[in-house]
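Engineer: Dropping in target.cif, with mmCIF, C-alpha atoms.
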data_input
loop_
_atom_site.label_atom_id
_atom_site.label_comp_id
_atom_site.auth_asym_id
_atom_site.auth_seq_id
_atom_site.Cartn_x
_atom_site.Cartn_y
_atom_site.Cartn_z
CA MET A 59 24.01 -5.59 -11.42
CA ASN A 60 21.31 -4.13 -9.17
CA ARG A 61 22.24 -2.71 -5.80
CA GLY A 62 19.87 -2.95 -2.85
CA VAL A 63 16.41 -1.43 -2.68
CA VAL A 64 16.09 2.21 -1.62
CA ILE A 65 13.26 2.47 0.91
CA VAL A 66 11.38 5.76 1.03
CA GLY A 67 10.22 6.15 4.63
CA ALA A 68 11.56 5.07 8.01
CA GLY A 69 8.50 4.78 10.24
CA GLY A 70 6.38 1.89 11.44
CA HIS A 71 5.13 0.93 7.97
CA ALA A 72 8.70 0.96 6.69
CA LYS A 73 9.75 -1.46 9.45
CA VAL A 74 7.14 -3.99 8.34
CA CYS A 75 8.02 -3.62 4.66
CA ILE A 76 11.75 -3.98 5.35
CA GLU A 77 11.03 -7.26 7.11
CA LEU A 78 8.87 -8.42 4.17
CA LEU A 79 11.73 -7.72 1.76
CA ARG A 80 14.26 -9.44 4.04
CA ALA A 81 12.00 -12.50 4.24
CA THR A 82 12.32 -12.90 0.47
CA GLY A 83 16.09 -12.34 0.48
CA THR A 84 15.89 -8.90 -1.13
CA PRO A 85 18.91 -6.71 -0.25
CA ILE A 86 18.17 -3.22 1.09
CA GLU A 87 20.48 -0.28 0.44
CA CYS A 88 19.12 2.45 2.72
CA CYS A 89 16.08 4.38 3.86
CA ILE A 90 15.39 7.96 2.83
CA ALA A 91 13.16 9.92 5.19
CA GLY A 92 12.47 13.26 6.83
CA GLN A 93 14.69 15.25 9.15
CA ASP A 94 12.88 13.99 12.25
CA SER A 95 13.78 10.34 11.55
CA GLY A 96 16.34 8.33 13.48
CA ALA A 97 19.75 7.34 12.19
CA ASP A 98 18.62 3.83 11.29
CA CYS A 99 15.43 1.83 10.81
CA ILE A 100 15.73 -1.73 12.18
CA GLY A 101 19.33 -1.88 11.07
CA VAL A 102 18.99 0.00 7.78
CA PRO A 103 20.85 3.35 7.56
CA VAL A 104 18.61 6.40 7.13
CA PHE A 105 19.53 9.38 4.95
CA LYS A 106 17.50 12.48 5.76
CA GLY A 107 16.10 14.57 2.91
CA ASP A 108 14.51 13.86 -0.48
CA GLU A 109 17.67 15.04 -2.25
CA HIS A 110 19.20 11.65 -1.42
CA LEU A 111 16.77 9.98 -3.82
CA LEU A 112 18.52 11.50 -6.82
CA ARG A 113 21.94 10.97 -5.26
CA MET A 114 21.30 7.25 -4.75
CA ARG A 115 19.94 6.93 -8.27
CA GLU A 116 23.07 8.58 -9.68
CA SER A 117 25.23 6.25 -7.59
CA GLY A 118 23.75 3.21 -9.33
CA CYS A 119 20.68 2.27 -7.28
CA ASN A 120 17.69 1.57 -9.50
CA LEU A 121 15.20 -0.23 -7.23
CA ALA A 122 12.87 1.57 -4.83
CA PHE A 123 9.97 0.88 -2.51
CA ILE A 124 7.69 3.59 -1.09
CA ALA A 125 7.04 2.64 2.54
CA LEU A 126 4.69 5.41 3.60
CA GLY A 127 1.23 5.02 5.11
CA SER A 128 -0.28 8.18 3.58
CA ASN A 129 -1.99 7.12 0.36
CA ALA A 130 -1.64 10.47 -1.40
CA LEU A 131 2.02 10.91 -0.43
CA ARG A 132 2.87 7.32 -1.36
CA GLN A 133 1.30 7.84 -4.77
CA ARG A 134 3.08 11.15 -5.37
CA LEU A 135 6.51 9.87 -4.37
CA GLY A 136 5.96 6.66 -6.29
CA HIS A 137 5.44 8.65 -9.46
CA SER A 138 8.45 10.83 -8.63
CA VAL A 139 10.88 7.93 -8.26
CA LEU A 140 9.64 6.40 -11.51
CA GLN A 141 10.44 9.68 -13.26
CA MET A 142 13.95 9.52 -11.76
CA GLY A 143 14.45 6.14 -13.42
CA TYR A 144 13.85 3.84 -10.47
CA GLN A 145 11.88 0.61 -10.75
CA LEU A 146 9.33 -0.07 -8.02
CA VAL A 147 9.61 -3.46 -6.34
CA ASN A 148 6.91 -5.33 -4.42
CA ALA A 149 7.11 -6.32 -0.75
CA ILE A 150 5.07 -9.51 -0.44
CA SER A 151 5.09 -11.76 2.60
CA PRO A 152 5.87 -15.43 2.00
CA GLN A 153 2.94 -16.03 4.35
CA ALA A 154 0.43 -14.31 2.04
CA THR A 155 -1.80 -16.35 -0.26
CA ILE A 156 -2.09 -14.94 -3.78
CA SER A 157 -4.02 -16.56 -6.63
CA PRO A 158 -1.97 -17.31 -9.76
CA THR A 159 -4.65 -15.45 -11.73
CA ALA A 160 -4.36 -12.27 -9.64
CA ARG A 161 -2.75 -9.26 -11.33
CA LEU A 162 -0.31 -7.34 -9.19
CA GLY A 163 0.93 -3.81 -9.81
CA ARG A 164 4.24 -2.20 -8.88
CA GLY A 165 5.33 -1.04 -5.46
CA ILE A 166 2.64 -2.94 -3.59
CA ALA A 167 2.83 -4.31 -0.05
CA VAL A 168 1.06 -7.55 0.85
CA MET A 169 1.41 -8.44 4.52
CA ALA A 170 1.47 -11.78 6.34
CA GLY A 171 -1.79 -13.70 6.26
CA ALA A 172 -3.31 -11.62 3.48
CA VAL A 173 -5.36 -13.44 0.83
CA ILE A 174 -5.86 -12.24 -2.75
CA ASN A 175 -8.21 -14.50 -4.66
CA ALA A 176 -8.84 -15.36 -8.31
CA CYS A 177 -8.83 -12.72 -11.05
CA THR A 178 -8.36 -9.82 -8.66
CA SER A 179 -6.34 -6.78 -9.75
CA ILE A 180 -4.16 -4.87 -7.27
CA GLY A 181 -3.06 -1.43 -8.47
CA ASP A 182 0.37 0.15 -8.13
CA LEU A 183 1.40 1.28 -4.63
CA ALA A 184 -1.53 -0.43 -2.90
CA ILE A 185 -1.30 -1.96 0.58
CA ILE A 186 -3.08 -5.20 1.46
CA ASN A 187 -2.38 -5.33 5.16
CA THR A 188 -2.07 -8.12 7.72
CA LEU A 189 -4.80 -10.79 7.50
CA ALA A 190 -6.85 -8.78 5.00
CA SER A 191 -8.64 -10.63 2.22
CA VAL A 192 -9.80 -9.58 -1.24
CA ASP A 193 -12.02 -12.14 -2.90
CA HIS A 194 -12.48 -13.03 -6.57
CA ASP A 195 -12.68 -10.42 -9.34
CA GLY A 196 -11.80 -7.53 -7.05
CA ASN A 197 -10.38 -4.32 -8.44
CA ILE A 198 -8.15 -2.45 -6.00
CA GLY A 199 -6.97 0.89 -7.34
CA GLU A 200 -3.66 2.71 -7.16
CA ALA A 201 -2.42 3.71 -3.69
CA VAL A 202 -5.38 2.13 -1.88
CA HIS A 203 -4.86 0.87 1.70
CA ILE A 204 -6.83 -2.17 2.86
CA ALA A 205 -6.10 -2.25 6.60
CA PRO A 206 -5.56 -5.34 8.80
CA HIS A 207 -8.39 -7.86 9.12
CA CYS A 208 -10.53 -6.32 6.37
CA GLY A 209 -12.69 -8.73 4.38
CA LEU A 210 -13.79 -7.81 0.86
CA ALA A 211 -16.24 -10.16 -0.86
CA GLY A 212 -16.22 -10.85 -4.59
CA VAL A 213 -16.39 -8.21 -7.33
CA VAL A 214 -15.61 -5.25 -5.05
CA THR A 215 -14.04 -2.16 -6.62
CA VAL A 216 -11.99 0.27 -4.54
CA ALA A 217 -10.85 3.40 -6.38
CA GLU A 218 -7.49 5.12 -5.98
CA ARG A 219 -6.30 6.40 -2.60
CA ALA A 220 -9.32 5.05 -0.70
CA PHE A 221 -8.68 3.81 2.83
CA LEU A 222 -10.53 0.93 4.51
CA GLY A 223 -9.94 0.90 8.26
CA VAL A 224 -9.15 -2.08 10.48
CA GLY A 225 -11.71 -4.86 10.36
CA CYS A 226 -14.00 -3.47 7.63
CA LYS A 227 -16.32 -5.86 5.82
CA VAL A 228 -17.63 -5.24 2.31
CA ILE A 229 -20.43 -7.26 0.68
CA PRO A 230 -20.20 -8.39 -2.99
CA GLU A 231 -20.33 -6.03 -5.99
CA ILE A 232 -19.77 -2.83 -4.02
CA SER A 233 -17.96 0.19 -5.46
CA ILE A 234 -15.94 2.48 -3.17
CA GLY A 235 -14.94 5.82 -4.69
CA ALA A 236 -11.57 7.55 -4.87
CA ASP A 237 -10.31 9.11 -1.62
CA ALA A 238 -13.15 7.57 0.39
CA VAL A 239 -12.46 6.63 4.02
CA VAL A 240 -14.21 3.70 5.70
CA GLY A 241 -14.03 3.71 9.50
CA ALA A 242 -12.68 0.75 11.46
CA GLY A 243 -15.13 -2.09 11.96
CA SER A 244 -17.63 -0.80 9.41
CA VAL A 245 -19.84 -3.06 7.31
CA VAL A 246 -20.28 -1.67 3.79
CA VAL A 247 -23.56 -2.73 2.14
CA SER A 248 -23.97 0.06 -0.45
CA ASN A 249 -21.76 1.99 -2.84
CA ILE A 250 -19.64 4.83 -1.42
CA ALA A 251 -19.16 8.04 -3.36
CA PRO A 252 -15.69 9.55 -3.88
CA ARG A 253 -14.22 11.63 -1.02
CA THR A 254 -16.86 10.36 1.41
CA LYS A 255 -16.15 9.22 4.96
CA VAL A 256 -18.39 6.45 6.27
CA ALA A 257 -18.59 4.43 9.46
CA GLY A 258 -20.88 2.07 11.31
CA VAL A 259 -22.90 -1.11 10.86
CA PRO A 260 -24.14 -0.66 8.25
CA ALA A 261 -21.74 2.05 7.11
CA ARG A 262 -23.30 5.50 6.64
CA PRO A 263 -21.79 8.78 5.40
CA LEU A 264 -20.30 11.10 8.00
CA ASN A 265 -18.99 13.88 5.76
CA LYS A 266 -17.26 14.56 2.49
CA THR A 267 -13.46 14.57 2.73
CA LYS A 268 -11.37 17.15 0.93
CA ALA A 269 -9.98 16.32 -2.50
CA LEU A 270 -6.34 15.24 -2.34
#
Please re-express this file's structure in structure tokens.

Structural biologist:
Amino acid sequence: MNRGVVIVGAGGHAKVCIELLRATGTPIECCIAGQDSGADCIGVPVFKGDEHLLRMRESGCNLAFIALGSNALRQRLGHSVLQMGYQLVNAISPQATISPTARLGRGIAVMAGAVINACTSIGDLAIINTLASVDHDGNIGEAVHIAPHCGLAGVVTVAERAFLGVGCKVIPEISIGADAVVGAGSVVVSNIAPRTKVAGVPARPLNKTKAL
């Protein structure tokens, strides 16, 4: 029989994800976080140091959730816990609206008020944040973060580890490259190359970001 979920992280994002899991009746075993973390995270005990991941796995825990805001770190640790033999669970708000034809990956977070429409694919370890919407035939890559109040029209592709800031809007059939960053409130009307930072209305390149 499965024990509770091991949460990796104990910050603000972890708090939200813990409450998502509690809302669906999912038991939580502990949080594992860095040395600067507190002793508990909204009532969940915190063990400090990555060595506790293997210890908890050896003690019989086999479910994990990576509750970290950094896309690259979330992706790396997600792959690490899978190699340890954990299964990644999803944290999906009962107040989200998800099409029955949507395809959901592992270890994803879907916050309250989010909408995922028909035939959209959400990659492993992605975050669809509060009140964000992804319309039909979207393709959201691994470890992407769609921030609160973003609105993506139909047939939008967002490649792995890209970040769309609060309140972004994206017109139909746009492609956003891996590791791209879209500034808060931007309106995206043309494709964005990988590792490019854009902002504004319409969104324009600011600089190339470093490869992660």

Engineer: Is it possible to get the residues within 7 Å of (4.8, -13.3, 5.4) (coordinates as in the file, counting only C-alpha atoms) written as a PDB file with C-alpha atoms, in the frame of the given file?

Structural biologist:
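File produced: part26.pdb:
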ATOM      1  CA  LEU A  78       8.870  -8.420   4.170  1.00  0.00           C
ATOM      2  CA  ILE A 150       5.070  -9.510  -0.440  1.00  0.00           C
ATOM      3  CA  SER A 151       5.090 -11.760   2.600  1.00  0.00           C
ATOM      4  CA  PRO A 152       5.870 -15.430   2.000  1.00  0.00           C
ATOM      5  CA  GLN A 153       2.940 -16.030   4.350  1.00  0.00           C
ATOM      6  CA  ALA A 154       0.430 -14.310   2.040  1.00  0.00           C
ATOM      7  CA  MET A 169       1.410  -8.440   4.520  1.00  0.00           C
ATOM      8  CA  ALA A 170       1.470 -11.780   6.340  1.00  0.00           C
ATOM      9  CA  GLY A 171      -1.790 -13.700   6.260  1.00  0.00           C
TER      10      GLY A 171
END

Engineer: Which residue out of A:Ala97, A:Cys75, A:Val245, A:Gly70 has the minimum interatomic distance to Gly165 (chain A) when all atoms listed in the file are used?

Structural biologist: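 Of A:Ala97, A:Cys75, A:Val245, A:Gly70, the one nearest Gly165 (chain A) is A:Cys75, counting all atoms listed in the file.
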
Engineer: Given the file above and the PyMOL selection byres ((chain A and resi 193) around 7), which residues are selected, and can you give them as a ChimeraX atom specification?

Structural biologist: /A:174-175,191-192,194-196,210-212

Engineer: Which distance in Å separates CA of Gly107 (chain A) and CA of Ala149 (chain A), to one decimal?

Structural biologist: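 For CA of Gly107 (chain A) relative to CA of Ala149 (chain A), the distance reads 23.0 Å.
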
Engineer: Need the shell around Gly235 (chain A): protein/DNA/RNA residues with any atom at most 12 Å away, counting only C-alpha atoms. Skip same-chain ones fewer than 6 positions apart. Format as a PyMOL selection string?

Structural biologist: chain A and resi 197-200+202+214-222+248-256+266-267+269

Engineer: When the PyMOL selection byres ((chain A and resi 143) around 10) is applied to the file above, which residues end up in the set, as an MDAnalysis selection string?

Structural biologist: chainID A and resid 112 115:116 119:122 138:142 144:146

Engineer: Would you mind exporting C-alpha atoms of the selected residues as a PDB file, in the frame of the given file?

Structural biologist:
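That gives us out.pdb:
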ATOM      1  CA  LEU A 112      18.520  11.500  -6.820  1.00  0.00           C
ATOM      2  CA  ARG A 115      19.940   6.930  -8.270  1.00  0.00           C
ATOM      3  CA  GLU A 116      23.070   8.580  -9.680  1.00  0.00           C
ATOM      4  CA  CYS A 119      20.680   2.270  -7.280  1.00  0.00           C
ATOM      5  CA  ASN A 120      17.690   1.570  -9.500  1.00  0.00           C
ATOM      6  CA  LEU A 121      15.200  -0.230  -7.230  1.00  0.00           C
ATOM      7  CA  ALA A 122      12.870   1.570  -4.830  1.00  0.00           C
ATOM      8  CA  SER A 138       8.450  10.830  -8.630  1.00  0.00           C
ATOM      9  CA  VAL A 139      10.880   7.930  -8.260  1.00  0.00           C
ATOM     10  CA  LEU A 140       9.640   6.400 -11.510  1.00  0.00           C
ATOM     11  CA  GLN A 141      10.440   9.680 -13.260  1.00  0.00           C
ATOM     12  CA  MET A 142      13.950   9.520 -11.760  1.00  0.00           C
ATOM     13  CA  TYR A 144      13.850   3.840 -10.470  1.00  0.00           C
ATOM     14  CA  GLN A 145      11.880   0.610 -10.750  1.00  0.00           C
ATOM     15  CA  LEU A 146       9.330  -0.070  -8.020  1.00  0.00           C
TER      16      LEU A 146
END

Engineer: Between CA of Ala201 (chain A) and CA of Val173 (chain A), what is the distance in Å, rounded to a tenth?

Structural biologist: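 Spanning CA of Ala201 (chain A) to CA of Val173 (chain A) is a straight-line distance of 18.0 Å.
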
Engineer: Between CA of Lys106 (chain A) and CA of His203 (chain A), what is the distance in Å, rounded to a tenth?

Structural biologist: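 These two atoms are separated by 25.5 Å.
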
Engineer: Give as an MDAnalysis selection string each residue that has an atom at most 7 Å from (23.0, 0.0, 1.9) in the file, counting all atoms listed in the file.

Structural biologist: chainID A and resid 62 86:88 103

Engineer: Of the candidates A:Ile156, A:Val63, A:Val246, A:Val239, which shows the shortest atom-to-atom distance to Leu264 (chain A), using only C-alpha atoms?

Structural biologist: A:Val239

Engineer: Considering all atoms listed in the file, state which residue in the set A:Val213, A:Gly67, A:Gly127, A:Lys227 is at the smallest distance from Asn187 (chain A).

Structural biologist: A:Gly127

Engineer: Just checking: using only C-alpha atoms, which residue out of A:Ala205, A:Ala125, A:Leu131, A:Val240 ends up closest to Pro263 (chain A)?

Structural biologist: A:Val240

Engineer: If you apply the PyMOL selection byres ((chain A and resi 93) around 10) to this file, what residues do you get, as a PyMOL selection string?

Structural biologist: chain A and resi 90-92+94-97+104-108

Engineer: How big is the axis-aligned box, and where does its centre sit, when it encloses all atoms of region 90-95 of chain A listed in the file and has 3 Å added on every side, reported in Å to one decimal as AutoDock Vina command-line options?

Structural biologist:
--center_x 13.9 --center_y 11.6 --center_z 7.5 --size_x 8.9 --size_y 13.3 --size_z 15.4

Engineer: From the list A:His110, A:Arg61, A:Arg134, A:Arg262, which residue is nearest Pro85 (chain A) when using all atoms listed in the file?

Structural biologist: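 Under the stated criterion, the closest residue is A:Arg61.
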
Engineer: Which residue gives the smallest distance to Ile166 (chain A) among A:Ser244, A:Leu79, A:Leu111, A:Gly258, with all atoms listed in the file counted?

Structural biologist: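 Closest residue, counting all atoms listed in the file: A:Leu79.
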